[in-house]
Every structure is written in C-alpha cells, then in structure tokens.
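So the structure is just underneath, and the comments pick up after that.
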Amino acid sequence: MMKKIYSILTFLFITVFSANAATVVGSVNGKPITDTDITARTELMARQGKTSTTNRKQAFQNIVDDYIKLDYAANFNVKPTDSDADKELKKMNLGSMNDTMRSMARLAVRSDIAWQVLMARTIVPTIEVSDKDIAEEKSDIAREHGLPIEITMLRLIDIPTDISNKLTKPKNCDAAEKMVEDLGGYPQKITAMQYELSPEIRNRISKLPILTWSKNENNTVLLVCSEKKTKEYKNLDEIIKQNAIFKKASFAADQQLKQLRRKAVIIINDDRYKL
C-alpha cells in the first residue's frame with residue numbers, strides 16, 4: 001500500500017514539475033535558452049518600443065548574441081556584473097519585472113556594456129577616417145538634422161524648365177538675383193539657420209556647391225549664396241569626426257559578431273527559431 005501511495009505521489013510530482021518546467025528551445029556554447037527566457041525578452045523589447053511580427057525569433061537571436069558577446073569579452077577580462085547592469089537598468093525605467101525578465105534584462109545590458117568596452121579597446125583605435133568620410137558624415141547630418149550654419153539662399157518657385165535651363169553660374173548673389181529678374185522671375189532671398197530649413201530643402205542643398213543652381217524639381221530651383229559658421233559650429237568638426245569613427249567601428253564590430261556566430265556552437269531544438 002505504501003509503495004502504491006509513493007508511486008502516485010512520484011507520478012504527481014513529475015507531472016506537476018513537467019507542466020511548470022520551461023522548455024529548452026536551444027542553446028549557445030552550452031548555455032540553455034528556454035521559451036520562458038524568450039517570452040521575457042520579447043516583453044522587454046516591447047517595453048523598449050521594438051515590436052514586430054517576428055519578435056520571438058528576434059528575441060532568441062538577441063539572447064544568442066548576448067551570450068556570444070559575453071563569452072568573447074571574457075577573453076579580454078571584460079566581465080560586467082549584475083550590479084553594473086542594475087545601475088543602467090535604473091536609468092532605463094522599464095517598470096516592474098519578474099525574476100526571469102530581470103535576468104534577461106541584466107544579460108542584455110551586461111552584453112551591451114561588454115561589447116562597447118571591446119569596441120573602445122580593440123576596434124576604435126584601428127579606425128581611420130579620411131576627409132571624405134568626414135565630409136559625407138557632415139552631409140548626412142546637414143540633410144537629416146541641419147548644421148549650426150547661417151544660410152543665405154535664393155529660391156525660385158513656379159519657374160518653367162525652359163527658363164531654368166537658361167540659368168548660368170553667377171559671380172555673386174546680386175548677380176544671381178538680376179539674372180532671374182532679367183528672365184522675368186521673382187527670386188525669394190532667404191537667410192536662416194540650416195537646421196531651421198525644411199527637410200526637403202536641406203536635402204536638396206546639402207551637397208550643392210555655393211553659387212550653383214540646383215536642378216529644377218517641381219518647378220522650384222535653389223541656389224546657396226553663402227554659408228556662415230556660427231559659434232555653435234566651433235566643436236562640430238571634432239564631433240562629426242567621432243561620429244564617423246563610431247559608424248566605421250560599429251560596422252567592423254558587426255562583421256566581427258558575424259564571425260563569432262559562425263564559430264559558436266548554436267543548437268536549436270525548435271524550428272520556429274532557426275536562424
């Protein structure tokens with residue numbers, strides 16, 4: 001009778017334990033990843049505004065990358081702690097978290113800290129940027145956000161293509177105005193900070209040389225008369241250089257991560273998470 005009761009209790013224990021145990025959907029370098037981990041990571045991604053129809057698959061990939069980054073960083077004795085992660089999590093204001101979610105959040109932050117340290121130590125010192133790289137970065141910033149530069153420009157609107165085709169390179173802004181007036185046009189002279197201009201205009205003038213007419217788009221032609229750097233511009237070149245270095249370093253880091261993924265032992269038990 002005792003044996004029978006023991007068998008029943010054992011069966012119930014195994015059944016309850018199995019029902020509540022997390023399913024291991026894969027592993028990376030021997031570290032298991034469960035469906036509960038993925039659910040927690042997906043919730044974290046949602047709280048950070050990163051939502052998509054493939055969230056669970058992306059969450060699995062992110063966890064894999066986190067472990068790979070931390071394993072690689074450990075070779076350089078870069079080992080961020082949970083305490084380091086908690087300091088950053090306080091700044092992120094992600095709300096209350098259960099144990100699994102907090103564990104996944106710590107994993108994500110620790111891997112990010114480790115990866116940034118590795119970039120600073122091993123990749124950034126090897127990066128060189130040319131004048132062309134800086135010019136392209138400056139052009140991107142000018143187009144997307146605008147620079148602290150005072151722009152004086154002419155805008156011609158409702159100008160037919162046959163008339164705009166007659167525009168030639170002027171010696172100065174006054175000559176440009178007279179040229180347009182002689183053709184029967186009415187040039188609008190504008191002086192404004194580049195970042196105050198509309199994105200469309202910034203995009204059109206970002207690579208337009210001084211005193212050069214733009215192409216006629218929607219019967220509108222632009223010409224930049226002059227540019228004047230303001231006091232805010234003083235440290236911009238160095239900031240732009242650092243941005244250019246960071247972009248190149250980030251690209252190099254992505255390539256390195258791809259190589260590390262190929263070398264990692266990644267086991268996937270669920271076809272939904274195949275990379």
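Each chain in the structure tokens gets a letter, A, B, ..., in the order shown, and its residues are numbered from 1; ligands are numbered from 1 in order too.
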
Which neighbours of Glu227 (chain A) fall inside 8 Å, counting only C-alpha atoms, when residues of the same chain fewer than 5 positions from it are skipped, and could you give them as a list of chain:residue names?
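Near Glu227 (chain A), the qualifying residues are A:Ile149, A:Glu150, A:Ile151, A:Thr152.
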
Pro80 (chain A) surroundings by only C-alpha atoms, 10 Å radius, close-in-sequence under 2 positions cut, as a PyMOL selection string:
chain A and resi 70+73-74+77-78+82-85+106-107+109-114+117

For Trp213 (chain A), list every protein, DNA or RNA residue within 8 Å, evaluated using only C-alpha atoms, and leave out those in the same chain fewer than 4 positions away; present the list as a ChimeraX atom specification.
/A:167-169,221-224

To one decimal place in Å, what is the distance between CA of Thr220 (chain A) and CA of Asp140 (chain A)?
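These two atoms are separated by 22.5 Å.
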
In Å, with one decimal, what is the gap from CA of Thr191 (chain A) to CA of Met153 (chain A)?
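Taking CA of Thr191 (chain A) and CA of Met153 (chain A), their separation equals 6.5 Å.
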
Calculate how many Å separate CA of Ile268 (chain A) from CA of Gln48 (chain A), rounding to one decimal.
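One can read the CA of Ile268 (chain A) to CA of Gln48 (chain A) distance as 26.2 Å.
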
Please provide as a PyMOL selection string all residues within 8 Å of region 29-40 of chain A, with the sequence filter that same-chain residues fewer than 2 positions apart are discarded (counting only C-alpha atoms).
chain A and resi 22-27+42-44+56+59-60+63+67-68+100-101+104+264-266

Please produce an output containing N, CA and C atoms for each residue in the selection, written as an mmCIF file, in the first residue's frame.
data_model
loop_
_atom_site.group_PDB
_atom_site.id
_atom_site.type_symbol
_atom_site.label_atom_id
_atom_site.label_comp_id
_atom_site.auth_asym_id
_atom_site.auth_seq_id
_atom_site.Cartn_x
_atom_site.Cartn_y
_atom_site.Cartn_z
ATOM 1 N N ALA A 22 10.220 25.034 -17.794
ATOM 2 C CA ALA A 22 10.389 25.765 -19.048
ATOM 3 C C ALA A 22 10.991 24.833 -20.088
ATOM 4 N N THR A 23 10.552 24.970 -21.318
ATOM 5 C CA THR A 23 11.069 24.153 -22.414
ATOM 6 C C THR A 23 12.335 24.778 -22.967
ATOM 7 N N VAL A 24 13.385 23.983 -23.058
ATOM 8 C CA VAL A 24 14.639 24.466 -23.631
ATOM 9 C C VAL A 24 14.508 24.410 -25.151
ATOM 10 N N VAL A 25 14.511 25.588 -25.784
ATOM 11 C CA VAL A 25 14.328 25.645 -27.234
ATOM 12 C C VAL A 25 15.652 25.676 -27.976
ATOM 13 N N GLY A 26 16.734 25.901 -27.241
ATOM 14 C CA GLY A 26 18.042 25.929 -27.881
ATOM 15 C C GLY A 26 19.133 26.240 -26.886
ATOM 16 N N SER A 27 20.359 26.331 -27.387
ATOM 17 C CA SER A 27 21.485 26.672 -26.523
ATOM 18 C C SER A 27 22.584 27.289 -27.370
ATOM 19 N N THR A 42 11.040 39.125 -25.131
ATOM 20 C CA THR A 42 10.071 39.748 -26.025
ATOM 21 C C THR A 42 9.348 40.894 -25.320
ATOM 22 N N GLU A 43 8.990 40.671 -24.049
ATOM 23 C CA GLU A 43 8.321 41.713 -23.272
ATOM 24 C C GLU A 43 9.247 42.920 -23.074
ATOM 25 N N LEU A 44 10.517 42.661 -22.835
ATOM 26 C CA LEU A 44 11.487 43.743 -22.693
ATOM 27 C C LEU A 44 11.601 44.545 -23.983
ATOM 28 N N ARG A 56 9.595 36.945 -31.293
ATOM 29 C CA ARG A 56 10.153 35.811 -30.544
ATOM 30 C C ARG A 56 11.430 35.295 -31.215
ATOM 31 N N ALA A 59 14.019 37.837 -30.508
ATOM 32 C CA ALA A 59 14.406 37.740 -29.103
ATOM 33 C C ALA A 59 15.408 36.599 -28.909
ATOM 34 N N PHE A 60 15.148 35.456 -29.550
ATOM 35 C CA PHE A 60 16.063 34.310 -29.469
ATOM 36 C C PHE A 60 17.434 34.708 -30.022
ATOM 37 N N ILE A 63 19.314 36.941 -27.600
ATOM 38 C CA ILE A 63 19.869 36.204 -26.452
ATOM 39 C C ILE A 63 21.135 35.455 -26.875
ATOM 40 N N TYR A 67 25.037 36.098 -25.283
ATOM 41 C CA TYR A 67 25.963 35.099 -24.728
ATOM 42 C C TYR A 67 27.279 35.071 -25.512
ATOM 43 N N ILE A 68 27.188 35.193 -26.836
ATOM 44 C CA ILE A 68 28.394 35.183 -27.666
ATOM 45 C C ILE A 68 29.287 36.369 -27.326
ATOM 46 N N THR A 100 12.653 36.245 -14.171
ATOM 47 C CA THR A 100 13.164 35.878 -15.496
ATOM 48 C C THR A 100 13.406 37.108 -16.349
ATOM 49 N N MET A 101 12.476 38.055 -16.292
ATOM 50 C CA MET A 101 12.621 39.272 -17.075
ATOM 51 C C MET A 101 13.834 40.074 -16.611
ATOM 52 N N MET A 104 16.947 38.422 -17.909
ATOM 53 C CA MET A 104 17.160 38.708 -19.326
ATOM 54 C C MET A 104 17.604 40.154 -19.539
ATOM 55 N N ALA A 264 30.497 29.841 -32.982
ATOM 56 C CA ALA A 264 29.748 29.431 -31.791
ATOM 57 C C ALA A 264 29.012 28.110 -32.033
ATOM 58 N N VAL A 265 28.813 27.358 -30.955
ATOM 59 C CA VAL A 265 28.032 26.115 -31.037
ATOM 60 C C VAL A 265 26.585 26.472 -30.684
ATOM 61 N N ILE A 266 25.781 26.631 -31.715
ATOM 62 C CA ILE A 266 24.381 27.024 -31.525
ATOM 63 C C ILE A 266 23.487 25.836 -31.859
#

DSSP alpha helix (DSSP H) residues within region 98-211 of chain A, listed as an MDAnalysis selection string:
chainID A and resid 99:118 131:144 161:164 173:182 199:205

Members of region 148-187 of chain A assigned strand (DSSP E or B) by DSSP, as a PyMOL selection string
chain A and resi 149-157

Please save C-alpha atoms of the selected residues as an mmCIF file, in the first residue's frame.
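So result-v7.cif came out as:
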data_model
loop_
_atom_site.group_PDB
_atom_site.id
_atom_site.type_symbol
_atom_site.label_atom_id
_atom_site.label_comp_id
_atom_site.auth_asym_id
_atom_site.auth_seq_id
_atom_site.Cartn_x
_atom_site.Cartn_y
_atom_site.Cartn_z
ATOM 1 C CA ILE A 149 25.315 77.362 -40.177
ATOM 2 C CA GLU A 150 23.605 80.532 -41.334
ATOM 3 C CA ILE A 151 22.469 80.033 -44.917
ATOM 4 C CA THR A 152 21.639 82.798 -47.372
ATOM 5 C CA MET A 153 19.907 81.361 -50.403
ATOM 6 C CA LEU A 154 17.637 82.124 -53.335
ATOM 7 C CA ARG A 155 14.509 80.134 -54.045
ATOM 8 C CA LEU A 156 12.749 80.308 -57.375
ATOM 9 C CA ILE A 157 9.228 78.920 -57.469
#

Of the candidates A:Lys274, A:Lys50, A:Arg143, A:Lys69, which shows the shortest atom-to-atom distance to Ile205 (chain A), using only C-alpha atoms?
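Closest candidate: A:Arg143.
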
Pick the closest to Ile134 (chain A) from A:Gln61, A:Leu275, A:Ala253, A:Asn243: which is it, counting only C-alpha atoms?
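Nearest to Ile134 (chain A): A:Asn243.
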
Restricting the calculation to only C-alpha atoms: of A:Ala244, A:Val124, A:Cys225, A:Ala176, which residue gets closest to Lys138 (chain A)?
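Comparing A:Ala244, A:Val124, A:Cys225, A:Ala176 against Lys138 (chain A), the winner is A:Ala244.
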
Looking at A:Tyr233, A:Ser164, A:Leu183, A:Ser139, which one is nearest to Arg204 (chain A), with distances taken over only C-alpha atoms?
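The closest residue to Arg204 (chain A) is A:Ser139.
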
Test item: residues at most 10 Å from Asn165 (chain A), only C-alpha atoms, excluding those fewer than 3 positions along its chain, as a list in words:
Pro160, Thr161, Asp162, Thr168, Trp213, Lys215 and Asn216 of chain A
